[in-house]
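File shown: protein_9.txt. Contents: compact mmCIF, C-alpha atoms and all ligand atoms.
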# COMPACT_ATOMS: atom_id res chain seq x y z
CA MET Q 850 -76.82 -170.21 109.98
CA GLN Q 851 -79.79 -172.59 110.34
CA VAL Q 852 -82.02 -169.74 111.52
CA SER Q 853 -81.00 -167.50 108.63
CA GLN Q 854 -81.74 -170.28 106.07
CA GLU Q 855 -85.19 -170.83 107.58
CA ARG Q 856 -85.80 -167.06 107.51
CA MET Q 857 -84.84 -166.98 103.80
CA GLN Q 858 -87.19 -169.90 103.04
CA ILE Q 859 -90.06 -168.16 104.85
CA ASP Q 860 -89.35 -164.90 103.00
CA SER Q 861 -89.27 -166.80 99.71
CA LEU Q 862 -92.61 -168.52 100.46
CA HIS Q 863 -94.08 -165.16 101.42
CA GLU Q 864 -92.94 -163.63 98.11
CA ASN Q 865 -94.36 -166.58 96.14
CA TRP Q 866 -97.69 -166.32 97.93
CA LYS Q 867 -97.85 -162.58 97.20
CA ALA Q 868 -97.15 -163.32 93.51
CA ILE Q 869 -99.98 -165.90 93.40
CA CYS Q 870 -102.41 -163.43 95.00
CA LYS Q 871 -101.36 -160.76 92.51
CA VAL Q 872 -102.19 -163.09 89.57
CA LYS Q 873 -105.57 -163.92 91.14
CA GLU Q 874 -106.40 -160.20 91.45
CA LEU Q 875 -105.29 -159.60 87.87
CA PHE Q 876 -107.53 -162.33 86.45
CA LYS Q 877 -110.55 -161.05 88.39
CA GLY Q 878 -110.52 -158.17 85.90
CA GLY Q 879 -111.22 -160.65 83.09
CA TYR Q 880 -114.60 -161.65 84.57
CA HIS Q 881 -117.90 -159.77 84.57
CA ASN Q 882 -120.82 -161.19 86.56
CA GLY Q 883 -118.97 -164.48 86.76
CA VAL Q 884 -118.51 -164.74 82.97
CA TRP Q 885 -115.04 -164.93 81.39
CA LEU Q 886 -114.95 -162.00 78.94
CA ALA Q 887 -112.17 -163.16 76.62
CA ASP Q 888 -113.87 -166.31 75.31
CA GLN Q 889 -117.55 -167.24 75.10
CA ARG Q 890 -116.63 -170.89 75.69
CA GLY Q 891 -115.34 -169.99 79.13
CA TYR Q 892 -111.92 -169.75 80.65
CA SER Q 893 -109.00 -171.77 79.28
CA VAL Q 894 -105.27 -171.45 79.84
CA GLY Q 895 -104.84 -170.32 76.21
CA SER Q 896 -107.48 -167.59 76.36
CA GLY Q 897 -106.13 -166.48 79.75
CA TYR Q 898 -102.62 -166.22 78.32
CA ASN Q 899 -103.79 -164.20 75.30
CA TRP Q 900 -105.88 -161.94 77.51
CA VAL Q 901 -102.89 -161.11 79.70
CA ARG Q 902 -100.56 -160.83 76.70
CA HIS Q 903 -102.69 -158.14 75.06
CA MET Q 904 -102.58 -156.09 78.26
CA GLU Q 905 -98.82 -155.78 77.92
CA GLN Q 906 -97.34 -152.87 76.02
CA LYS Q 907 -95.56 -153.84 72.80
CA VAL Q 908 -91.83 -153.22 73.01
CA GLY Q 909 -89.59 -152.29 70.10
CA TRP Q 910 -86.82 -154.69 71.10
CA ALA Q 911 -88.97 -157.83 70.87
CA LYS Q 912 -88.44 -158.15 67.09
CA LEU Q 913 -84.69 -157.80 67.55
CA ILE Q 914 -84.53 -160.45 70.26
CA TRP Q 915 -86.67 -163.05 68.50
CA ASN Q 916 -84.75 -162.83 65.23
CA PRO Q 917 -84.63 -166.09 63.18
CA ARG Q 918 -80.83 -165.86 62.87
CA VAL Q 919 -80.42 -166.01 66.66
CA LEU Q 920 -80.31 -169.26 68.65
CA PRO Q 921 -83.45 -169.52 70.85
CA LYS Q 922 -81.40 -169.96 74.04
CA HIS Q 923 -79.51 -166.75 73.22
CA SER Q 924 -82.79 -164.92 72.55
CA PHE Q 925 -84.18 -166.16 75.85
CA LEU Q 926 -81.15 -164.94 77.80
CA CYS Q 927 -81.42 -161.52 76.14
CA TRP Q 928 -85.13 -161.41 76.88
CA LEU Q 929 -84.20 -161.88 80.57
CA VAL Q 930 -81.66 -159.06 80.19
CA PHE Q 931 -84.26 -156.66 78.78
CA ARG Q 932 -86.78 -157.70 81.44
CA ASN Q 933 -84.14 -157.01 84.09
CA ALA Q 934 -84.68 -160.57 85.28
CA LEU Q 935 -81.16 -161.99 85.54
CA ASN Q 936 -80.18 -162.87 89.09
CA VAL Q 937 -77.08 -160.71 89.25
CA LYS Q 938 -75.40 -160.16 92.62
CA ASP Q 939 -76.74 -156.62 92.97
CA LYS Q 940 -80.27 -158.04 92.89
CA LEU Q 941 -79.41 -161.01 95.14
CA CYS Q 942 -77.95 -158.64 97.74
CA ARG Q 943 -81.04 -156.47 97.69
CA ILE Q 944 -83.28 -159.45 98.54
CA GLY Q 945 -80.84 -160.67 101.20
CA ILE Q 946 -79.50 -163.79 99.45
CA CYS Q 947 -75.87 -162.65 99.39
CA THR Q 948 -73.74 -159.91 100.91
CA ASP Q 949 -70.97 -159.53 98.31
CA ASP Q 950 -72.18 -157.54 95.28
CA ARG Q 951 -68.87 -157.38 93.35
CA CYS Q 952 -68.79 -158.59 89.73
CA CYS Q 953 -67.92 -162.33 89.63
CA ILE Q 954 -65.74 -161.74 86.56
CA CYS Q 955 -63.71 -158.57 87.20
CA ASP Q 956 -64.35 -157.85 90.90
CA ALA Q 957 -64.01 -154.15 89.98
CA ASP Q 958 -67.59 -152.93 90.28
CA THR Q 959 -71.09 -153.82 91.47
CA GLU Q 960 -72.48 -156.72 89.45
CA THR Q 961 -75.54 -155.31 87.70
CA ILE Q 962 -76.96 -156.40 84.34
CA SER Q 963 -75.72 -153.23 82.64
CA HIS Q 964 -72.26 -153.74 84.14
CA LEU Q 965 -72.09 -157.32 82.83
CA ILE Q 966 -73.21 -156.60 79.29
CA MET Q 967 -71.90 -153.06 78.77
CA HIS Q 968 -69.15 -152.06 81.19
CA CYS Q 969 -67.32 -155.14 82.49
CA ARG Q 970 -63.81 -155.09 80.99
CA TYR Q 971 -64.10 -158.79 80.11
CA SER Q 972 -67.34 -158.41 78.12
CA ARG Q 973 -65.98 -155.18 76.56
CA GLN Q 974 -62.99 -157.12 75.26
CA VAL Q 975 -65.18 -159.87 73.80
CA ILE Q 976 -67.69 -157.49 72.21
CA HIS Q 977 -64.88 -155.36 70.77
CA LYS Q 978 -63.19 -158.37 69.15
CA VAL Q 979 -66.50 -159.65 67.75
CA CYS Q 980 -67.39 -156.20 66.35
CA SER Q 981 -63.92 -155.86 64.79
CA TRP Q 982 -64.40 -159.25 63.14
CA LEU Q 983 -67.76 -158.08 61.71
CA TYR Q 984 -66.29 -154.74 60.52
CA ILE Q 985 -68.68 -152.71 62.66
CA PRO Q 986 -67.88 -150.11 65.36
CA THR Q 987 -68.03 -151.27 68.98
CA PRO Q 988 -71.23 -149.80 70.49
CA GLY Q 989 -70.84 -147.92 73.76
CA GLY Q 990 -74.18 -149.00 75.24
CA ASN Q 991 -76.61 -151.83 74.59
CA ALA Q 992 -75.33 -153.36 71.33
CA ILE Q 993 -78.70 -154.95 70.46
CA ILE Q 994 -80.50 -151.61 70.48
CA TRP Q 995 -77.60 -150.00 68.63
CA ILE Q 996 -77.71 -152.61 65.84
CA GLY Q 997 -81.51 -152.36 65.70
CA ARG Q 998 -81.20 -148.67 64.81
CA ARG Q 999 -78.77 -149.22 61.93
CA LYS Q 1000 -80.13 -149.08 58.41
CA TRP Q 1001 -78.44 -152.30 57.39
CA ARG Q 1002 -79.73 -155.04 55.14
CA PRO Q 1003 -81.69 -157.78 57.00
CA VAL Q 1004 -79.00 -160.45 56.51
CA GLN Q 1005 -76.20 -158.28 57.90
CA LYS Q 1006 -78.40 -157.06 60.74
CA GLY Q 1007 -79.51 -160.59 61.61
CA ILE Q 1008 -75.94 -161.93 61.66
CA CYS Q 1009 -74.67 -159.04 63.80
CA LEU Q 1010 -77.57 -159.51 66.23
CA ALA Q 1011 -76.81 -163.25 66.40
CA ALA Q 1012 -73.16 -162.48 67.21
CA VAL Q 1013 -73.92 -159.89 69.89
CA MET Q 1014 -76.55 -162.05 71.56
CA ALA Q 1015 -74.10 -164.95 71.54
CA VAL Q 1016 -71.65 -162.64 73.34
CA TYR Q 1017 -74.20 -161.82 76.05
CA PHE Q 1018 -75.12 -165.51 76.45
CA HIS Q 1019 -71.49 -166.60 76.77
CA VAL Q 1020 -70.54 -163.76 79.10
CA TRP Q 1021 -73.37 -164.88 81.38
CA GLN Q 1022 -72.11 -168.48 81.19
CA GLN Q 1023 -68.59 -167.28 82.08
CA ARG Q 1024 -69.98 -165.26 84.96
CA ASN Q 1025 -71.64 -168.42 86.33
CA LEU Q 1026 -68.44 -170.41 85.79
CA ALA Q 1027 -66.45 -167.74 87.64
CA ARG Q 1028 -68.95 -167.71 90.48
CA ILE Q 1029 -69.19 -171.49 90.93
CA GLU Q 1030 -65.75 -172.75 89.92
CA GLY Q 1031 -63.62 -169.61 90.01
CA LYS Q 1032 -62.65 -170.18 86.34
CA LEU Q 1033 -62.78 -167.86 83.35
CA MET Q 1034 -62.13 -168.59 79.69
CA ARG Q 1035 -59.77 -166.32 77.79
CA PRO Q 1036 -61.67 -163.75 75.66
CA MET Q 1037 -60.14 -164.99 72.40
CA ILE Q 1038 -61.37 -168.56 73.01
CA LEU Q 1039 -64.84 -167.21 73.67
CA VAL Q 1040 -64.70 -165.14 70.48
CA TYR Q 1041 -63.71 -168.27 68.51
CA GLN Q 1042 -66.69 -170.18 69.93
CA ILE Q 1043 -69.04 -167.32 69.04
CA GLN Q 1044 -67.67 -167.24 65.49
CA GLN Q 1045 -68.38 -170.97 65.11
CA ILE Q 1046 -71.97 -170.49 66.28
CA VAL Q 1047 -72.54 -167.60 63.87
CA LYS Q 1048 -70.98 -169.62 61.02
CA SER Q 1049 -73.38 -172.49 61.70
CA LYS Q 1050 -76.31 -170.07 61.36
CA VAL Q 1051 -74.92 -168.67 58.11
CA HIS Q 1052 -74.64 -172.21 56.70
CA GLN Q 1053 -78.42 -172.45 57.05
CA LEU Q 1054 -78.79 -169.49 54.67
CA ASP Q 1055 -79.77 -170.12 51.06
CA LEU Q 1056 -77.03 -168.00 49.47
CA SER Q 1057 -78.89 -167.91 46.13
CA THR Q 1058 -81.51 -165.71 47.83
CA VAL Q 1059 -78.91 -163.37 49.35
CA SER Q 1060 -78.14 -160.06 47.63
CA VAL Q 1061 -74.75 -159.43 46.00
CA ARG Q 1062 -73.86 -156.82 48.64
CA ASP Q 1063 -74.71 -159.23 51.45
CA ARG Q 1064 -72.60 -161.94 49.82
CA GLU Q 1065 -69.71 -159.47 49.55
CA TRP Q 1066 -70.06 -158.63 53.23
CA LEU Q 1067 -70.23 -162.33 54.19
CA THR Q 1068 -67.04 -162.93 52.21
CA LEU Q 1069 -65.35 -159.92 53.84
CA VAL Q 1070 -65.98 -161.27 57.35
CA GLY Q 1071 -65.11 -164.85 56.36
CA LEU Q 1072 -68.61 -166.24 56.62
CA SER Q 1073 -69.02 -167.64 53.10
ZN ZN Q 1101 -67.12 -157.07 85.73

Would you mind giving the structure from this file in structure tokens?
Amino acid sequence: MQVSQERMQIDSLHENWKAICKVKELFKGGYHNGVWLADQRGYSVGSGYNWVRHMEQKVGWAKLIWNPRVLPKHSFLCWLVFRNALNVKDKLCRIGICTDDRCCICDADTETISHLIMHCRYSRQVIHKVCSWLYIPTPGGNAIIWIGRRKWRPVQKGICLAAVMAVYFHVWQQRNLARIEGKLMRPMILVYQIQQIVKSKVHQLDLSTVSVRDREWLTLVGLS
């Protein structure tokens, strides 16, 4: 056991060192004849960040994730989802940190990100109840992308995105609870919590600036 922990620590250090070297090689490209190309005043953390940022391809989902109606911690979790950066058991098994790759919540399939947010029966139940509450169909795949493609008014779209991202955040919390404490909240309690969060965001809306149709929809779903 001791030997395997030491092996894991060495592997982890090795991975970190490789990541540092990769960053060093990347930033070499920003210099020409020893001069930092992005800013005449020389290198700074800010100019380095912007230089790297502009090298990245723009992604269509970024505007959906960083929506003002969504709580920042929910946006951040979804950003990790889209970057495939959540430490689900499938990933942990592949890097040798664990041997059991079954879903912590349902134990019925391999725990991948797509399983957790799209296929796990627990998250399906929660997302279905939340979508029913909002009078929208339950998407079969990634609900954020699905909502992003709808031609809805910005208020309705923002509220639905806030609700779906709250689902993903809370499902991930439940997954961690199930893994650490072996507990799981009933889907209806989770749905109630999500509704309260969405309501608190709606209360920040200035209803005098909201269109009649949006106000009708808010009344229909019990948010005004
Ligand atoms: Zn599952």

Item to check | Distance criterion (all atoms listed in the file): nearest to Arg1002 of chain Q out of Q:Glu855, Q:Asp1063, Q:Asp860, Q:Asp1055 | outcome: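 Smallest separation from Arg1002 of chain Q among the options: Q:Asp1063.
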
Item to check | Given 12 Å and all atoms listed in the file, residues near ligand ZN 1101 (chain Q) as a VMD selection string | outcome: chain Q and resid 937 to 938 950 to 974 1020 to 1021 1023 to 1024 1027 to 1028 1033

Could you please take those selected residues and save C-alpha atoms as a compact mmCIF listing (two decimals), keeping the file's coordinate frame?
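Written output follows (part00.txt):
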# COMPACT_ATOMS: atom_id res chain seq x y z
CA VAL Q 937 -77.08 -160.71 89.25
CA LYS Q 938 -75.40 -160.16 92.62
CA ASP Q 950 -72.18 -157.54 95.28
CA ARG Q 951 -68.87 -157.38 93.35
CA CYS Q 952 -68.79 -158.59 89.73
CA CYS Q 953 -67.92 -162.33 89.63
CA ILE Q 954 -65.74 -161.74 86.56
CA CYS Q 955 -63.71 -158.57 87.20
CA ASP Q 956 -64.35 -157.85 90.90
CA ALA Q 957 -64.01 -154.15 89.98
CA ASP Q 958 -67.59 -152.93 90.28
CA THR Q 959 -71.09 -153.82 91.47
CA GLU Q 960 -72.48 -156.72 89.45
CA THR Q 961 -75.54 -155.31 87.70
CA ILE Q 962 -76.96 -156.40 84.34
CA SER Q 963 -75.72 -153.23 82.64
CA HIS Q 964 -72.26 -153.74 84.14
CA LEU Q 965 -72.09 -157.32 82.83
CA ILE Q 966 -73.21 -156.60 79.29
CA MET Q 967 -71.90 -153.06 78.77
CA HIS Q 968 -69.15 -152.06 81.19
CA CYS Q 969 -67.32 -155.14 82.49
CA ARG Q 970 -63.81 -155.09 80.99
CA TYR Q 971 -64.10 -158.79 80.11
CA SER Q 972 -67.34 -158.41 78.12
CA ARG Q 973 -65.98 -155.18 76.56
CA GLN Q 974 -62.99 -157.12 75.26
CA VAL Q 1020 -70.54 -163.76 79.10
CA TRP Q 1021 -73.37 -164.88 81.38
CA GLN Q 1023 -68.59 -167.28 82.08
CA ARG Q 1024 -69.98 -165.26 84.96
CA ALA Q 1027 -66.45 -167.74 87.64
CA ARG Q 1028 -68.95 -167.71 90.48
CA LEU Q 1033 -62.78 -167.86 83.35

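Between Tyr898 of chain Q and the residues Q:Lys1006, Q:Phe925, Q:Leu875, Q:Cys980, the shortest atom-to-atom distance, using only C-alpha atoms, involves Q:Leu875.
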
Exercise on segment 885-889 of chain Q, axis-aligned box with 5 Å per side, report centre and edge lengths in Å to one decimal, as JSON:
{"center_x": -114.9, "center_y": -164.6, "center_z": 78.2, "size_x": 15.4, "size_y": 15.2, "size_z": 16.3}

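The space separating atom CA of Lys867 of chain Q from atom CA of Trp900 of chain Q comes to 21.3 Å.
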
Item to check | Counting only C-alpha atoms, the option among Q:Trp995, Q:Tyr892, Q:Trp910, Q:Tyr1041 closest to Arg932 of chain Q | outcome: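 The closest residue to Arg932 of chain Q is Q:Trp910.
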
Item to check | For Ile1008 of chain Q, the nearest of the candidates Q:Gln906, Q:Ser861, Q:Gln1053, Q:Ser896, counting all atoms listed in the file | outcome: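 Looking at the shortest contact to Ile1008 of chain Q, the residue is Q:Gln1053.
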
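Across the structure, atom CA of Arg918 of chain Q and atom CA of Trp982 of chain Q are spaced 17.7 Å apart.
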
Where atoms are absent from segment 941-967 of chain Q, fill them in so it carries N, CA and C atoms, then output it as a PDB file, keeping the file's coordinate frame.
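This went into selection36.pdb:
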ATOM      1  N   LEU Q 941     -79.423-160.013  94.064  1.00  0.00           N
ATOM      2  CA  LEU Q 941     -79.410-161.010  95.140  1.00  0.00           C
ATOM      3  C   LEU Q 941     -79.127-160.353  96.496  1.00  0.00           C
ATOM      4  N   CYS Q 942     -78.256-159.348  96.486  1.00  0.00           N
ATOM      5  CA  CYS Q 942     -77.950-158.640  97.740  1.00  0.00           C
ATOM      6  C   CYS Q 942     -79.168-157.871  98.234  1.00  0.00           C
ATOM      7  N   ARG Q 943     -79.879-157.271  97.294  1.00  0.00           N
ATOM      8  CA  ARG Q 943     -81.040-156.470  97.690  1.00  0.00           C
ATOM      9  C   ARG Q 943     -82.140-157.309  98.328  1.00  0.00           C
ATOM     10  N   ILE Q 944     -82.246-158.600  97.929  1.00  0.00           N
ATOM     11  CA  ILE Q 944     -83.280-159.450  98.540  1.00  0.00           C
ATOM     12  C   ILE Q 944     -82.679-160.325  99.657  1.00  0.00           C
ATOM     13  N   GLY Q 945     -81.434-160.029 100.021  1.00  0.00           N
ATOM     14  CA  GLY Q 945     -80.840-160.670 101.200  1.00  0.00           C
ATOM     15  C   GLY Q 945     -80.279-162.058 100.980  1.00  0.00           C
ATOM     16  N   ILE Q 946     -80.033-162.443  99.698  1.00  0.00           N
ATOM     17  CA  ILE Q 946     -79.500-163.790  99.450  1.00  0.00           C
ATOM     18  C   ILE Q 946     -77.976-163.816  99.520  1.00  0.00           C
ATOM     19  N   CYS Q 947     -77.325-162.696  99.223  1.00  0.00           N
ATOM     20  CA  CYS Q 947     -75.870-162.650  99.390  1.00  0.00           C
ATOM     21  C   CYS Q 947     -75.449-161.274  99.908  1.00  0.00           C
ATOM     22  N   THR Q 948     -74.209-161.182 100.334  1.00  0.00           N
ATOM     23  CA  THR Q 948     -73.740-159.910 100.910  1.00  0.00           C
ATOM     24  C   THR Q 948     -72.661-159.266 100.045  1.00  0.00           C
ATOM     25  N   ASP Q 949     -72.040-160.062  99.177  1.00  0.00           N
ATOM     26  CA  ASP Q 949     -70.970-159.530  98.310  1.00  0.00           C
ATOM     27  C   ASP Q 949     -71.578-159.195  96.951  1.00  0.00           C
ATOM     28  N   ASP Q 950     -71.554-157.921  96.561  1.00  0.00           N
ATOM     29  CA  ASP Q 950     -72.180-157.540  95.280  1.00  0.00           C
ATOM     30  C   ASP Q 950     -71.150-157.262  94.185  1.00  0.00           C
ATOM     31  N   ARG Q 951     -69.885-157.661  94.378  1.00  0.00           N
ATOM     32  CA  ARG Q 951     -68.870-157.380  93.350  1.00  0.00           C
ATOM     33  C   ARG Q 951     -69.040-158.325  92.158  1.00  0.00           C
ATOM     34  N   CYS Q 952     -68.684-157.815  90.975  1.00  0.00           N
ATOM     35  CA  CYS Q 952     -68.790-158.590  89.730  1.00  0.00           C
ATOM     36  C   CYS Q 952     -67.970-159.881  89.844  1.00  0.00           C
ATOM     37  N   CYS Q 953     -68.607-161.028  89.534  1.00  0.00           N
ATOM     38  CA  CYS Q 953     -67.920-162.330  89.630  1.00  0.00           C
ATOM     39  C   CYS Q 953     -66.739-162.414  88.666  1.00  0.00           C
ATOM     40  N   ILE Q 954     -66.794-161.629  87.578  1.00  0.00           N
ATOM     41  CA  ILE Q 954     -65.740-161.740  86.560  1.00  0.00           C
ATOM     42  C   ILE Q 954     -64.563-160.814  86.867  1.00  0.00           C
ATOM     43  N   CYS Q 955     -64.826-159.522  87.066  1.00  0.00           N
ATOM     44  CA  CYS Q 955     -63.710-158.570  87.200  1.00  0.00           C
ATOM     45  C   CYS Q 955     -63.483-158.096  88.629  1.00  0.00           C
ATOM     46  N   ASP Q 956     -64.445-158.269  89.484  1.00  0.00           N
ATOM     47  CA  ASP Q 956     -64.350-157.850  90.900  1.00  0.00           C
ATOM     48  C   ASP Q 956     -64.054-156.345  91.024  1.00  0.00           C
ATOM     49  N   ALA Q 957     -64.376-155.578  89.969  1.00  0.00           N
ATOM     50  CA  ALA Q 957     -64.010-154.150  89.980  1.00  0.00           C
ATOM     51  C   ALA Q 957     -65.200-153.232  90.213  1.00  0.00           C
ATOM     52  N   ASP Q 958     -66.399-153.790  90.141  1.00  0.00           N
ATOM     53  CA  ASP Q 958     -67.590-152.930  90.280  1.00  0.00           C
ATOM     54  C   ASP Q 958     -68.765-153.775  90.760  1.00  0.00           C
ATOM     55  N   THR Q 959     -69.876-153.102  91.071  1.00  0.00           N
ATOM     56  CA  THR Q 959     -71.090-153.820  91.470  1.00  0.00           C
ATOM     57  C   THR Q 959     -71.604-154.632  90.283  1.00  0.00           C
ATOM     58  N   GLU Q 960     -71.996-155.869  90.546  1.00  0.00           N
ATOM     59  CA  GLU Q 960     -72.480-156.720  89.450  1.00  0.00           C
ATOM     60  C   GLU Q 960     -73.952-156.429  89.177  1.00  0.00           C
ATOM     61  N   THR Q 961     -74.187-155.574  88.184  1.00  0.00           N
ATOM     62  CA  THR Q 961     -75.540-155.310  87.700  1.00  0.00           C
ATOM     63  C   THR Q 961     -75.622-155.876  86.277  1.00  0.00           C
ATOM     64  N   ILE Q 962     -76.831-155.900  85.714  1.00  0.00           N
ATOM     65  CA  ILE Q 962     -76.960-156.400  84.340  1.00  0.00           C
ATOM     66  C   ILE Q 962     -76.216-155.464  83.383  1.00  0.00           C
ATOM     67  N   SER Q 963     -76.394-154.162  83.562  1.00  0.00           N
ATOM     68  CA  SER Q 963     -75.720-153.230  82.640  1.00  0.00           C
ATOM     69  C   SER Q 963     -74.201-153.323  82.783  1.00  0.00           C
ATOM     70  N   HIS Q 964     -73.706-153.567  83.999  1.00  0.00           N
ATOM     71  CA  HIS Q 964     -72.260-153.740  84.140  1.00  0.00           C
ATOM     72  C   HIS Q 964     -71.799-154.960  83.327  1.00  0.00           C
ATOM     73  N   LEU Q 965     -72.523-156.072  83.494  1.00  0.00           N
ATOM     74  CA  LEU Q 965     -72.090-157.320  82.830  1.00  0.00           C
ATOM     75  C   LEU Q 965     -72.090-157.206  81.312  1.00  0.00           C
ATOM     76  N   ILE Q 966     -73.124-156.587  80.757  1.00  0.00           N
ATOM     77  CA  ILE Q 966     -73.210-156.600  79.290  1.00  0.00           C
ATOM     78  C   ILE Q 966     -72.594-155.367  78.634  1.00  0.00           C
ATOM     79  N   MET Q 967     -72.397-154.286  79.412  1.00  0.00           N
ATOM     80  CA  MET Q 967     -71.900-153.060  78.770  1.00  0.00           C
ATOM     81  C   MET Q 967     -70.578-152.547  79.313  1.00  0.00           C
TER      82      MET Q 967
END
